[in-house]
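Below: data.txt (compact mmCIF, C-alpha atoms)
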```txt
# COMPACT_ATOMS: atom_id res chain seq x y z
CA MET L 924 10.84 -28.03 3.48
CA SER L 925 9.16 -29.73 6.40
CA ASP L 926 5.55 -29.20 7.39
CA ALA L 927 5.87 -26.21 9.70
CA SER L 928 3.11 -24.02 11.09
CA SER L 929 4.72 -21.56 13.48
CA ASP L 930 2.66 -18.56 14.49
CA PHE L 931 3.91 -15.15 13.42
CA SER L 932 2.83 -11.56 13.89
CA GLN L 933 1.73 -8.91 11.41
CA GLU L 934 4.94 -7.01 12.22
CA LEU L 935 7.16 -10.00 11.47
CA LEU L 936 5.23 -10.65 8.26
CA LEU L 937 5.78 -7.06 7.09
CA LYS L 938 9.46 -7.21 8.03
CA HIS L 939 10.07 -10.24 5.80
CA TRP L 940 7.74 -8.98 3.04
CA LEU L 941 9.71 -5.73 2.78
CA GLU L 942 13.00 -7.63 3.15
CA TYR L 943 12.03 -9.64 0.05
CA ALA L 944 11.05 -6.46 -1.81
CA GLU L 945 14.39 -4.81 -1.00
CA SER L 946 16.27 -7.87 -2.25
CA LEU L 947 14.85 -7.52 -5.77
CA THR L 948 17.06 -6.37 -8.62
CA VAL L 949 16.62 -3.27 -10.77
CA GLU L 950 14.99 -5.44 -13.46
CA LYS L 951 12.14 -6.13 -11.05
CA THR L 952 11.48 -2.52 -10.02
CA HIS L 953 7.75 -2.78 -10.77
CA LEU L 954 7.38 -5.81 -8.50
CA LYS L 955 9.50 -4.13 -5.81
CA ASN L 956 7.34 -0.99 -5.84
CA THR L 957 4.16 -3.06 -5.85
CA LEU L 958 5.29 -5.05 -2.80
CA ILE L 959 6.31 -1.89 -0.95
CA ASN L 960 2.99 -0.16 -1.70
CA CYS L 961 0.68 -3.18 -1.32
CA LYS L 962 1.43 -4.61 2.10
CA PRO L 963 -0.26 -7.84 3.17
CA VAL L 964 -2.63 -8.14 6.10
CA LEU L 965 -2.51 -11.34 8.15
CA LYS L 966 -5.91 -13.07 8.30
CA GLU L 967 -7.08 -16.40 9.75
CA ASP L 968 -5.35 -19.68 8.92
CA PHE L 969 -2.11 -17.99 7.82
CA THR L 970 -3.81 -16.30 4.86
CA LEU L 971 -2.26 -13.06 3.65
CA GLU L 972 -4.69 -10.60 2.13
CA VAL L 973 -2.77 -8.43 -0.31
CA PRO L 974 -4.68 -5.32 -1.44
CA VAL L 975 -3.63 -4.05 -4.88
CA TYR L 976 -4.91 -1.11 -6.86
CA ASN L 977 -4.96 -2.45 -10.42
CA PRO L 978 -4.85 -5.69 -12.44
CA SER L 979 -1.22 -5.07 -13.40
CA GLN L 980 -0.14 -5.18 -9.74
CA LYS L 981 -2.20 -8.32 -9.18
CA ASP L 982 -0.58 -10.05 -12.17
CA GLU L 983 2.89 -8.96 -11.04
CA ILE L 984 2.43 -10.51 -7.60
CA LEU L 985 0.79 -13.64 -9.03
CA ASN L 986 3.71 -14.16 -11.44
CA PHE L 987 6.15 -14.18 -8.51
CA SER L 988 3.86 -15.67 -5.86
CA ARG L 989 5.84 -18.92 -5.61
CA THR L 990 9.12 -17.15 -4.85
CA ILE L 991 7.43 -14.63 -2.53
CA LEU L 992 5.69 -17.42 -0.60
CA GLY L 993 8.89 -19.49 -0.60
CA HIS L 994 10.75 -16.60 1.02
CA LEU L 995 8.01 -15.99 3.59
CA CYS L 996 7.51 -19.69 4.42
CA GLY L 997 11.24 -20.06 5.07
CA LYS L 998 11.65 -16.90 7.12
CA LEU L 999 8.46 -17.41 9.13
CA ASN L 1000 8.90 -21.19 9.53
CA ASN L 1001 5.40 -21.82 8.22
CA THR L 1002 4.47 -23.85 5.12
CA HIS L 1003 0.74 -23.14 5.43
CA ILE L 1004 0.89 -19.51 4.27
CA LYS L 1005 -1.53 -18.67 1.47
CA MET L 1006 -1.97 -15.42 -0.45
CA ASP L 1007 -5.26 -13.81 -1.39
CA ILE L 1008 -4.73 -10.89 -3.77
CA ARG L 1009 -7.65 -8.53 -4.27
CA ILE L 1010 -8.11 -5.32 -6.19
CA VAL L 1011 -9.39 -2.49 -4.00
CA GLU L 1012 -11.13 0.61 -5.21
CA LYS L 1013 -9.18 3.76 -4.56
CA GLU L 1014 -11.13 6.65 -3.17
CA GLU L 1015 -12.22 9.12 -5.77
CA LYS L 1016 -10.02 12.12 -5.28
CA GLU L 1017 -11.19 15.52 -6.29
CA MET L 1018 -8.46 17.16 -8.32
CA ILE L 1019 -7.67 20.74 -7.40
CA TYR L 1020 -6.27 22.93 -10.16
CA THR L 1021 -7.02 26.62 -9.73
CA SER L 1022 -6.01 28.98 -6.94
CA THR L 1023 -9.67 29.45 -5.98
CA GLU L 1024 -10.20 25.67 -5.74
CA LYS L 1025 -7.07 25.36 -3.58
CA TYR L 1026 -8.20 28.20 -1.34
CA ASN L 1027 -11.71 26.74 -0.95
CA TYR L 1028 -10.26 23.32 -0.13
CA LEU L 1029 -7.92 24.78 2.50
CA THR L 1030 -10.60 26.95 4.12
CA ASN L 1031 -12.85 23.88 4.40
CA LYS L 1032 -10.04 22.14 6.27
CA ASN L 1033 -9.19 25.19 8.39
CA PRO L 1034 -11.80 27.99 8.59
CA ALA L 1035 -9.28 30.24 10.38
CA LEU L 1036 -7.64 30.74 6.98
CA GLU L 1037 -10.57 32.96 5.94
CA LYS L 1038 -10.03 35.14 9.02
CA LEU L 1039 -6.30 35.40 8.28
CA LYS L 1040 -7.05 36.37 4.66
CA ASN L 1041 -9.33 39.16 5.90
CA ILE L 1042 -6.87 40.42 8.55
CA LEU L 1043 -4.06 40.62 5.98
CA ASN L 1044 -6.41 42.04 3.34
CA LEU L 1045 -5.44 39.37 0.80
CA THR L 1046 -7.23 38.30 -2.35
CA VAL L 1047 -7.35 34.95 -4.13
CA GLU L 1048 -6.25 35.11 -7.72
```
Re-express the file's structure as structure tokens.
Amino acid sequence: MSDASSDFSQELLLKHWLEYAESLTVEKTHLKNTLINCKPVLKEDFTLEVPVYNPSQKDEILNFSRTILGHLCGKLNNTHIKMDIRIVEKEEKEMIYTSTEKYNYLTNKNPALEKLKNILNLTVE
């Protein structure tokens, strides 16, 4: 491969990233799902920042980084692409289990729900 450094857009990067993911076989389902869910962001100097949510995803991408980068370098005509994989913290999500918790969550999002409950004379069980 020659020394190429063509510019490319975020959109083109995502197109070829997902194209690679879709080309993977059933045996590589974990990698495929990781690539689909952890999309790269184009940074300076052709660096791709890939946010992942756990060490397993990071290892999966690292194990295949040469073939992923080979695909991208060829499709984007750029041999200077580098990947920076980082684990991001997912937001803490409050789990909602009971009907009362669901109702309280929904009325916080839309206070008109309380008015509707009163008009229809409903109760939360």
Requested in this report: Mind checking which residues fall within 12 Å of His994 (chain L), counting only C-alpha atoms, ignoring those fewer than 4 positions away in the same chain, and posting them as number ranges by chain?
Outcome: L: 924, 936, 938-944, 946, 987-990, 998-1002, 1004
Report task. Report the distance between CA of Lys966 (chain L) and CA of Asp982 (chain L) in Å, rounded to one decimal place. Result -> 21.4 Å
Query raised in the report: Using all atoms listed in the file, which of the listed residues (L:Leu965, L:Arg1009, L:His1003, L:Ile991) sits closest to Ser979 (chain L)?
Result: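 Under the stated criterion, the closest residue is L:Arg1009.
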**Report entry** Point-to-point distance in Å for CA of Ser932 (chain L) and CA of Asn960 (chain L)
**Finding:** 19.3 Å
Report task. Please indicate the distance in Å from CA of Met1006 (chain L) to CA of Leu971 (chain L), rounded to one decimal place. Result ->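 Pair CA of Met1006 (chain L) / CA of Leu971 (chain L) returns 4.7 Å.
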Query raised in the report: Can you tell me, as number ranges by chain, what residues are no more than 8 Å from Ile984 (chain L) when counting only C-alpha atoms, ignoring any on the same chain fewer than 4 positions away?
Result: L: 954, 957-958, 980, 988
Report summary line: Of L:Ile959, L:Leu1045, L:Leu1039, L:Val975, the one sitting nearest Val1011 (chain L) when using all atoms listed in the file is L:Val975
